[in-house]
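Worksheet: one structure, shown below.
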Amino acid sequence: MRLNYSIRNLFLLSALILFSVSCTPEGEKESPTRKLTGNPKLDKLKLPDGFVAEHILSPGENDEGSWVAMTFDDKNRLITADQYGFLYRLEIPEIGAADLTPKVEKLIIGNVAEPQVGMGYAQGLLYAFNSIYVMVNHNGNETFEESTGLYRIQDLDGDDQYESVTKIKGFTGQPGEHGPHSIKLSPDGKSLYIVAGNHTDVPEMNSYRLPKVWQEDNLFPEIKDPRGHANSRMAPGGWVANIDPEGKDWELISAGYRNPFDIAFNEVGDLFTYDSDMEWDFGMPWYRPTRICHVTSGSEYGWRTGNQKWSPNYPDNLPAVLNIGQGSPTNVMFGTGANFPEKYRTSLFAFDWSFGIIYSMTLTPKGGTYEATAEEFISGSPLPLTDGVIGPDGAMYFMTGGRRLESDVYRVYYDGDINASDKKPLQIADLPAEAKLRRELEALHVDGAPASGLDLAWENLNNKDRYVQYAARIAVEHQPVSSWKAKALAEKDPTVLTQAMIALSRHSAKGAGTPMIQALMGIDYKSLNEKGKQDLLRAFELILSRQGEPTGSLKSDLVVYLDSNFPANNNNLDRALAVLLVYLDAPDAVEKTLALLENAKDDPDYQKTFTSSSDLIMRNPQYGLDIANMLANVPPAQQTYLATVLGGATTGWTPELHEKYFTWIQDAFKYKGGRSYVGFIDRARKMALTHVAKSDFDKYNELSGAAMLTGNGNDLVNTDIQPEGPGKRWTVEEAEPLMADLHGRDLAKGKAMFAASQCLSCHTIGGQGGIIGPDLSQLGTRFSAKDILEATINPSDEISEQYVASVLELKDGSSVMGRVVNEDETSYSVSQNPFSPEVLRKVAKSNVATIKDSKISIMMPGMINRLNPEELKDLMAYLISGGNPNHEVYSTKAQAEE
């Protein structure tokens, strides 16, 4: 029979409230919904008013792969790349055509007599200079037997086919999804810009706007990723370079990224990227959310391996223009040339693969950079966005796919009147004075810059604008050190002196640290503002990390200088002071730091992001489940940071302090962070254990929770029975035949699978389990196995009005998804996490534009995907029997009686 809404109700893993709440609260009206097309690929899209989407093609239907890159050629044809296969050329019908089927051609590349098909593993495409530039990202291309590199393919004989292949440059490192990525044409149309992830070595270049003096520059005790990710990747991480069309001249522009996939220029030639996070680090103090970065000349964004990533507060790197949140960044592009309303023609569009969101960002010049406001432009679930471009017809083209997922090509256009505007495009003349000054200083970021530029750079080392100040320091670093070293050491202005010492520390050989430390200790620390103190402490860290620990009276003087200001009652300053004092073996550094650790609270706006993690739970069943678990018990970031600092402390310990520290470590394992959280805490634990007396090792090893950990320390021991797998993406069609005979199943194993699949968190069977959702003890008396499978595997197919979730679309363009469980005169209370339903998010009614029903069930799909067939059968027998071993159909007793 067709599953009715009642069984759906039983399985919704949300803030399942046993009373009904209207999905559209009283006094609110839904905006008119767009007409459904009947095509699920289109109907799942959330579009702004006035925009229309067209589905152009599903490449997989014709065995054309999973597409990740696109570009238009000079004949308005779309050229695309399968991530693992070939290049294709599409002639696409006009907007609104009755038949949108494109003409698709697989490109033949090479000698026609002995054709070589494809440019496999292409992650970036650009048509420019009568050529297609292809970024191949693979060791051993299947068709050309070439490794990772930038290629240029050309039609030299005018037959509209590509017979010439030139390898411009090969790249070394670790290829794959963190390898080299996109290619963009420069604003003046004369050169190319390329971007690469942190697994790509920086090749030898002709020039470096970011001086080639990068190091790890950390005193924070090093812990590399416990699961091995990027552990061999050192500074400077991902990078951006400018090259000429033939690839003869290479200039490094910027570095310090994790894995930016794309770059984009705005109207005045400023460059931006969307850098990725490391989701395994979620909950750790060094976690960095996905973020929009302004790629300025000589900029550094501080990616380092493991826990070594720099704070955005450090003066030797730059902060994000906007922190987005969790996700997997792919394409970025501006709306330049789009036949869209003015707001979107100047927007920066950023694509998130994981959660299926295209963000639209308005960038407003502010000082030397921009301030950003963001909104969701297009979203859908699932919608694994890969690449996009504004077409010659003024429409937005975008594609989904990647990692062999189902791929689709879409076109989105504006179907409305576009009011003429007298507003002119942004011009350089319109930029703030700070932005113009930054550009003037950036002109000095070249070797052989005129000596007269040193005066301009020096006078701006104390500029209040961070981007100008940064550009000034990089300009100083491009001058011969001999021309400014003495000037730096003699400087009296504390801000200028601090920046000069940062520059000097980066360009000094070993043995030059003493005069720099002495000069900095001449600064009256207490007279500085918070930024001045942060910069000064970072300057000390840079000198010590490059020069090593000072000795004698210099060391003791520095300890006295720093210790008198610790603690600072400021989280950022306390981090920096703890690192320095522990490194310097200050007598009371351990005691003071441990006292801070016991009471530290995270700042209210710590790592504030545009997209709240809780808003992402329902957008992707795979990642959403992980987020829900983590948000149920997020680790305290400040305490974790200080605990890691103490892990490296060698002196100053007493038995009482060790007791407190290792007790904290054991307690820390109760929190849920990203995949590497447990491993990071364990590595800090093991580091600290190397500093205890051998006679005390066993005691502190036990106290710190050793028995709670697996052998490698990366996971907690789970004494419950866990799925053995291998799992699969179960469908009802695959699972239903297994239900034909459930006699004699192992109900104990089924109960374990009920817990392992997290059903137990919300539902009760036989008096055991959560009370969030309804009791399932009598499930088998009311519904068939097929009913239960349909509700479990496809929870969004049919959602009861009683338990529908809501989408609150906010006036700032963002949206909040969850269950509206209460409202008062001024706000709605929304439950977003099925594992923490008591945590409610207050949303002010004044900020809500509309409220709509969600098309996504709050119950997560994929809950049973860890189970193999036998485990699934055990689970289903347990559900249907209610755990009753005497159940008349599914028990071993019934089988024996037969």
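The chains in the structure tokens are called A, B, ... from first to last as shown; in each chain the residues are counted from 1, and the ligands are counted from 1 in the order shown.
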
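Residue neighbourhood of stretch 364-379 of chain A, excluding near-sequence residues (fewer than 5 positions): Leu45, Lys46, Leu47, Pro48, His294, Val321, Leu322, Gly356, Ile357, Ile358, Tyr359, Leu431, Pro432, Ala433, Glu434, Ala435, Lys436, Leu437, Arg438, Asp465, Arg466, Tyr467, Val468, Phe610, Asp812, Gly813, Ser814 and Ser815 of chain A, at 8 Å, using only C-alpha atoms.
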
| request: Would you please extract all alpha helix (DSSP H) residues from stretch 615-707 of chain A, as assigned by DSSP on the backbone, and give them as a ChimeraX atom specification? | output: /A:621-631,637-647,655-668,677-689,697-703

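Comparing A:Leu497, A:Met234, A:Met361, A:Ala350 by their smallest distance to A:Asp275, the closest is A:Ala350 (using only C-alpha atoms).
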
| query | Can you list, as a list in words, every protein, DNA or RNA residue that comes within 12 Å of A:Thr710 when you count only C-alpha atoms, leaving out same-chain residues fewer than 6 positions away? | reply |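 Residues near the query, excluding close chain neighbours: Val678, Gly679, Asp682, Leu716, Val717, Asn718 and Thr719 of chain A.
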
| field | DSSP strand (DSSP E or B) selection over stretch 82-320 of chain A, as a VMD selection string | value | chain A and resid 82 87 to 91 103 to 106 108 to 109 116 to 117 122 to 128 131 to 136 149 to 154 162 164 to 170 173 180 to 185 192 to 196 200 207 to 208 238 to 243 250 to 257 263 to 265 271 to 275 290 to 294 299 to 300

| For atom CA of A:Glu177 and atom CA of A:Pro102, the interatomic separation in Å (one decimal) | 29.1 Å

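Closest approach to A:Tyr671 among A:Ala97, A:Gly767, A:Asn629, A:Tyr700: A:Asn629, based on only C-alpha atoms.
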
| Selected residue of minimal separation from A:Lys487 among A:Ser311, A:Ala420, A:Met501, A:Leu210, counting only C-alpha atoms |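 Of all the options, A:Met501 lies closest to A:Lys487.
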